[in-house]
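Here's data-v1.csv, which has CSV, C-alpha atoms:
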chain,number,residue,atom,x,y,z
A,280,MET,CA,0.0,0.0,0.0
A,281,ASP,CA,1.2,3.5,-0.8
A,282,LEU,CA,-0.4,5.0,2.3
A,283,THR,CA,-0.2,4.2,6.0
A,284,LEU,CA,-3.0,4.8,8.4
A,285,GLY,CA,-2.8,5.3,12.2
A,286,GLU,CA,-4.7,3.2,14.7
A,287,THR,CA,-7.5,5.8,15.0
A,288,GLU,CA,-7.8,6.3,11.2
A,289,VAL,CA,-8.1,2.5,10.8
A,290,ARG,CA,-10.9,2.3,13.3
A,291,VAL,CA,-12.8,5.3,11.8
A,292,LEU,CA,-12.5,4.0,8.2
A,293,GLY,CA,-13.6,0.5,9.2
A,294,SER,CA,-16.6,1.9,11.1
A,295,LEU,CA,-17.7,3.9,8.1
A,296,ILE,CA,-17.5,0.9,5.8
A,297,GLU,CA,-19.3,-1.3,8.3
A,298,LYS,CA,-22.2,1.1,8.7
A,299,GLU,CA,-22.6,1.6,5.0
A,300,LEU,CA,-23.0,-2.2,4.6
A,301,THR,CA,-25.1,-3.0,7.7
A,302,THR,CA,-27.2,0.1,8.2
A,303,PRO,CA,-27.3,2.0,4.8
A,304,GLU,CA,-30.4,3.9,5.9
A,305,TYR,CA,-28.3,5.7,8.5
A,306,TYR,CA,-25.3,6.3,6.3
A,307,PRO,CA,-23.4,8.7,5.8
A,308,LEU,CA,-22.6,9.2,9.5
A,309,SER,CA,-22.5,12.4,11.6
A,310,LEU,CA,-19.5,13.0,13.9
A,311,ASN,CA,-21.5,11.8,16.9
A,312,ALA,CA,-22.7,8.6,15.2
A,313,LEU,CA,-19.2,7.9,13.8
A,314,THR,CA,-17.7,8.3,17.3
A,315,ASN,CA,-20.2,5.9,18.8
A,316,ALA,CA,-19.6,3.4,16.0
A,317,SER,CA,-15.8,3.6,16.5
A,318,ASN,CA,-16.2,3.0,20.3
A,319,GLN,CA,-18.9,0.3,20.2
A,320,LYS,CA,-18.1,-2.8,22.3
A,321,SER,CA,-19.4,-5.3,19.8
A,322,ASN,CA,-17.5,-6.3,16.7
A,323,ARG,CA,-14.4,-4.4,17.8
A,324,ASP,CA,-10.9,-5.5,18.8
A,325,PRO,CA,-9.6,-3.7,20.7
A,326,VAL,CA,-12.5,-1.7,22.2
A,327,MET,CA,-11.5,2.0,22.1
A,328,ALA,CA,-12.6,5.1,23.9
A,329,LEU,CA,-12.2,7.8,21.3
A,330,THR,CA,-13.3,11.4,21.8
A,331,GLU,CA,-15.0,13.4,19.1
A,332,GLU,CA,-11.8,15.4,18.8
A,333,ASP,CA,-9.9,12.1,18.1
A,334,VAL,CA,-12.3,11.2,15.4
A,335,VAL,CA,-12.1,14.7,13.8
A,336,LYS,CA,-8.3,14.4,13.6
A,337,ALA,CA,-8.7,11.0,12.0
A,338,LEU,CA,-11.2,12.3,9.5
A,339,ASP,CA,-9.0,15.2,8.6
A,340,ALA,CA,-6.1,12.7,7.9
A,341,LEU,CA,-8.4,10.4,5.9
A,342,ARG,CA,-9.7,13.3,3.9
A,343,PHE,CA,-6.2,14.4,3.1
A,344,LYS,CA,-5.5,10.8,1.9
A,345,GLN,CA,-8.7,10.9,-0.2
A,346,LEU,CA,-10.3,8.0,1.7
A,347,VAL,CA,-13.1,10.0,3.3
A,348,VAL,CA,-15.2,13.0,2.1
A,349,LEU,CA,-17.8,15.3,3.6
A,350,SER,CA,-21.2,14.1,2.3
A,351,ALA,CA,-22.8,16.3,-0.3
A,352,ASP,CA,-26.3,15.3,0.9
A,353,GLY,CA,-26.7,18.6,2.7
A,354,GLY,CA,-28.6,19.0,5.9
A,355,ARG,CA,-28.0,20.8,9.1
A,356,VAL,CA,-25.5,18.2,10.4
A,357,SER,CA,-22.2,17.4,8.6
A,358,LYS,CA,-21.9,13.8,7.6
A,359,TYR,CA,-19.1,11.7,6.4
A,360,ARG,CA,-18.7,8.8,3.9
A,361,HIS,CA,-15.7,6.7,2.8
A,362,LEU,CA,-14.2,6.5,-0.7
A,363,LEU,CA,-12.6,3.1,-0.4
A,364,ALA,CA,-14.8,1.4,-3.1
A,365,GLU,CA,-14.3,4.3,-5.6
A,366,LYS,CA,-10.6,4.7,-4.9
A,367,PHE,CA,-9.7,1.0,-5.2
A,368,GLY,CA,-12.6,-0.4,-7.2
A,369,LEU,CA,-13.8,-2.7,-4.5
A,370,MET,CA,-16.8,-5.0,-4.6
A,371,PRO,CA,-19.1,-5.4,-1.6
A,372,ALA,CA,-17.5,-8.8,-0.7
A,373,GLU,CA,-14.1,-7.2,-0.7
A,374,GLN,CA,-15.2,-4.3,1.4
A,375,ALA,CA,-16.7,-6.7,4.0
A,376,ILE,CA,-13.5,-8.6,4.3
A,377,ILE,CA,-11.4,-5.4,4.6
A,378,CYS,CA,-13.8,-3.9,7.0
A,379,GLU,CA,-13.5,-7.0,9.3
A,380,LEU,CA,-9.7,-6.8,9.3
A,381,LEU,CA,-9.8,-3.0,10.0
A,382,VAL,CA,-12.2,-3.2,13.0
A,383,ARG,CA,-11.1,-6.5,14.5
A,384,GLY,CA,-7.5,-7.2,13.4
A,385,PRO,CA,-6.0,-10.4,12.0
A,386,GLN,CA,-8.4,-13.3,11.5
A,387,THR,CA,-8.7,-16.7,10.0
A,388,VAL,CA,-10.8,-17.6,7.0
A,389,GLY,CA,-13.4,-19.2,9.2
A,390,GLU,CA,-13.6,-16.1,11.5
A,391,LEU,CA,-13.9,-13.8,8.5
A,392,ARG,CA,-16.8,-15.8,7.0
A,393,THR,CA,-18.7,-16.0,10.3
A,394,ARG,CA,-18.2,-12.4,11.2
A,395,GLY,CA,-18.4,-11.0,7.7
A,396,GLU,CA,-21.9,-12.5,7.1
A,397,ARG,CA,-23.5,-9.4,8.7
A,398,MET,CA,-22.1,-7.3,5.9
A,399,HIS,CA,-22.1,-9.7,2.9
A,400,PRO,CA,-23.3,-13.3,2.5
A,401,PHE,CA,-20.5,-15.8,1.8
A,402,GLY,CA,-21.7,-19.2,0.5
A,403,ASP,CA,-18.7,-21.1,2.0
A,404,LEU,CA,-15.1,-20.8,3.0
A,405,ALA,CA,-14.0,-21.1,-0.6
A,406,ALA,CA,-15.9,-17.9,-1.4
A,407,VAL,CA,-14.0,-16.1,1.3
A,408,GLU,CA,-10.7,-17.5,0.2
A,409,GLU,CA,-11.4,-16.3,-3.4
A,410,VAL,CA,-11.9,-12.8,-2.1
A,411,LEU,CA,-8.8,-13.0,0.0
A,412,HIS,CA,-6.8,-14.2,-3.0
A,413,GLU,CA,-8.0,-11.3,-5.1
A,414,LEU,CA,-7.0,-8.8,-2.4
A,415,ILE,CA,-3.5,-10.3,-2.1
A,416,GLN,CA,-2.9,-10.5,-5.8
A,417,ARG,CA,-3.5,-6.9,-6.5
A,418,GLU,CA,-0.7,-4.8,-7.9
A,419,SER,CA,-0.6,-3.1,-4.5
A,420,PRO,CA,-1.7,-5.9,-2.1
A,421,MET,CA,-4.3,-4.8,0.5
A,422,ILE,CA,-4.0,-7.7,2.8
A,423,THR,CA,-1.4,-10.3,3.7
A,424,LEU,CA,-1.3,-13.9,5.1
A,425,LEU,CA,0.6,-13.9,8.4
A,426,PRO,CA,3.0,-16.8,9.3
A,427,ARG,CA,1.1,-19.5,11.2
A,428,GLN,CA,1.7,-19.2,14.9
A,429,PRO,CA,2.8,-22.2,17.0
A,430,GLY,CA,-0.2,-24.1,18.3
A,431,ARG,CA,-2.5,-22.7,15.7
A,432,LYS,CA,-4.0,-24.8,12.9
A,433,GLU,CA,-4.7,-21.9,10.5
A,434,GLY,CA,-2.9,-18.8,9.4
A,435,ARG,CA,-4.5,-15.4,9.9
A,436,TYR,CA,-5.0,-12.6,7.4
A,437,ALA,CA,-4.2,-8.9,8.2
A,438,GLN,CA,-4.9,-5.6,6.4
A,439,LEU,CA,-2.0,-3.6,5.1
A,440,PHE,CA,-3.5,-0.1,5.4
A,441,SER,CA,-1.5,0.4,8.6
A,442,GLY,CA,1.6,-1.3,7.2
A,443,MET,CA,3.0,-4.7,8.0
A,444,PRO,CA,1.7,-6.0,11.3
A,445,ASP,CA,4.1,-6.2,14.2
A,446,MET,CA,4.6,-10.0,14.6
A,447,SER,CA,6.3,-9.5,18.0
A,448,LEU,CA,2.8,-8.6,19.4
A,449,ASP,CA,1.6,-12.1,18.4
A,450,GLU,CA,4.5,-13.7,20.2
A,451,ARG,CA,3.5,-12.4,23.5
A,452,GLU,CA,1.6,-14.7,25.9
A,453,ALA,CA,-2.2,-14.4,25.8
A,454,ALA,CA,-3.7,-12.3,28.5
A,455,PRO,CA,-4.9,-14.4,31.4
A,456,GLU,CA,-8.6,-14.9,31.9
A,457,ALA,CA,-10.4,-12.6,34.4
A,458,ALA,CA,-10.9,-15.5,36.8
A,459,ARG,CA,-7.2,-16.3,36.7
A,460,VAL,CA,-6.4,-12.7,37.4
A,461,ARG,CA,-8.6,-12.8,40.5
A,462,VAL,CA,-7.0,-16.0,41.7
A,463,MET,CA,-3.5,-14.6,41.1
A,464,ALA,CA,-4.4,-11.5,43.1
A,465,GLU,CA,-5.9,-13.6,45.9
A,466,ASN,CA,-2.8,-15.8,46.0
A,467,GLU,CA,-0.6,-12.7,46.2
A,468,ARG,CA,-2.7,-11.3,49.0
A,469,ILE,CA,-2.5,-14.6,51.0
A,470,ALA,CA,1.3,-14.8,50.4
A,471,LYS,CA,1.7,-11.3,51.8
A,472,LEU,CA,-0.4,-12.2,54.9
A,473,GLU,CA,1.7,-15.3,55.4
A,474,VAL,CA,4.8,-13.2,55.4
A,475,GLU,CA,3.3,-10.8,57.9
A,476,VAL,CA,2.2,-13.6,60.2
A,477,ALA,CA,5.7,-15.1,60.1
A,478,VAL,CA,7.2,-11.7,61.1
A,479,LEU,CA,4.7,-11.3,63.9
A,480,ARG,CA,5.5,-14.8,65.2
A,481,GLU,CA,9.2,-13.9,65.3
A,482,GLU,CA,8.4,-10.7,67.2
A,483,VAL,CA,6.2,-12.5,69.7
A,484,THR,CA,8.9,-15.1,70.3
A,485,GLU,CA,11.5,-12.4,70.9
A,486,LEU,CA,9.1,-10.6,73.3
A,487,ARG,CA,8.6,-13.8,75.2
A,488,GLN,CA,12.3,-14.4,75.6
A,489,MET,CA,12.7,-10.8,76.8
A,490,VAL,CA,9.9,-11.3,79.4
A,491,GLU,CA,11.5,-14.5,80.6
A,492,GLU,CA,14.9,-12.9,81.0
A,493,PHE,CA,13.3,-9.9,82.8
A,494,LYS,CA,11.6,-12.3,85.3
A,495,LYS,CA,14.8,-14.1,86.0
A,496,GLN,CA,16.3,-10.9,87.4
A,497,PHE,CA,13.8,-11.1,90.3
A,498,GLU,CA,14.1,-14.7,91.2

Can the structure from this file be put into structure tokens for me?
Amino acid sequence: MDLTLGETEVRVLGSLIEKELTTPEYYPLSLNALTNASNQKSNRDPVMALTEEDVVKALDALRFKQLVVLSADGGRVSKYRHLLAEKFGLMPAEQAIICELLVRGPQTVGELRTRGERMHPFGDLAAVEEVLHELIQRESPMITLLPRQPGRKEGRYAQLFSGMPDMSLDEREAAPEAARVRVMAENERIAKLEVEVAVLREEVTELRQMVEEFKKQFE
């Protein structure tokens, strides 16, 4: 790709594509609607907490890169739409795949089919693989297949709008489950208490010895 998007730009662009495909009756989006779409908790990874100012900055950057424009529909509220399809000649199926990779990061073929169905129907995995192949084989590839990670049966695909993914992030251990975090915290608390009790026991023993020695002075 001959352009590189920041994290916020990726989220804003992906949200615009998603809403055009899933709720066209409410598209283009106002700044408020776009901010809410960018921050929604469903179908997002990671979940973000962008301010309207953050979204405005992303929109300005995307407009400069000719990926977003102010809608010409008129009205009292400014609304925005993306230019991805026009700029790169993308079909709805291709937009759906790219959108999923923009809003949720690297995914397998199966994940893309399941999650992408809300934007475009895919008959089977082969249909998804065909779209992925077309996006990879472009003169300027829009996605890439990441090396398969140890312990994983399938490789994952990633978008290239934000450059090549940092593979070192995939090599980190997965974050522990919430229950495990609570157990770890409880174990740490118990360990601290055990240390405190051991120290108190030593102090009590020393006090007893001092008392015994004091008593012997009067015998």

Each residue of stretch 383-412 of chain A lying at most 6 Å from stretch 432-442 of chain A should get a row with its shortest atom-to-atom pair and the distance in Å to one decimal, counting only C-alpha atoms; could you produce that, ordered by chain and increasing number, as JSON lines?
{"residue": "A:Pro385", "atom": "CA", "partner": "A:Ala437", "partner_atom": "CA", "distance": 4.5}
{"residue": "A:Gln386", "atom": "CA", "partner": "A:Arg435", "partner_atom": "CA", "distance": 4.7}
{"residue": "A:Thr387", "atom": "CA", "partner": "A:Arg435", "partner_atom": "CA", "distance": 4.4}

Distance of atom CA of A:Pro325 from atom CA of A:Glu467, expressed in Å to one decimal place |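 A separation of 28.5 Å between them.
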
Given only C-alpha atoms as the counted atoms, nearest of A:Ala316, A:Leu414, A:Leu424, A:Leu349 to A:Ile377 |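 With only C-alpha atoms as the atom set, the closest residue is A:Leu414.
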
Mind pulling up the distance from atom CA of A:Met421 to atom CA of A:Leu282?
->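 Interatomic distance here is 10.7 Å.
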
Figure out the distance between atom CA of A:Leu300 and atom CA of A:Pro371, please, to one decimal in Å.
->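 Those two atoms sit 8.0 Å apart.
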
With distances taken over all atoms listed in the file, which of A:Val326, A:Leu313, A:Met370, A:Ala457 is nearest to A:Arg383?
->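 Selected residue with least distance to A:Arg383: A:Val326.
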
Mind checking which residues fall within 9 Å of A:Val347, counting all atoms listed in the file, ignoring those fewer than 2 positions away in the same chain, and posting them as a PyMOL selection string?
-> chain A and resi 292+338-345+349+359-363

Counting all atoms listed in the file, what is within 6 Å of A:Asn318, bar same-chain residues fewer than 2 positions away, as a ChimeraX atom specification?
-> /A:315-316,327-328
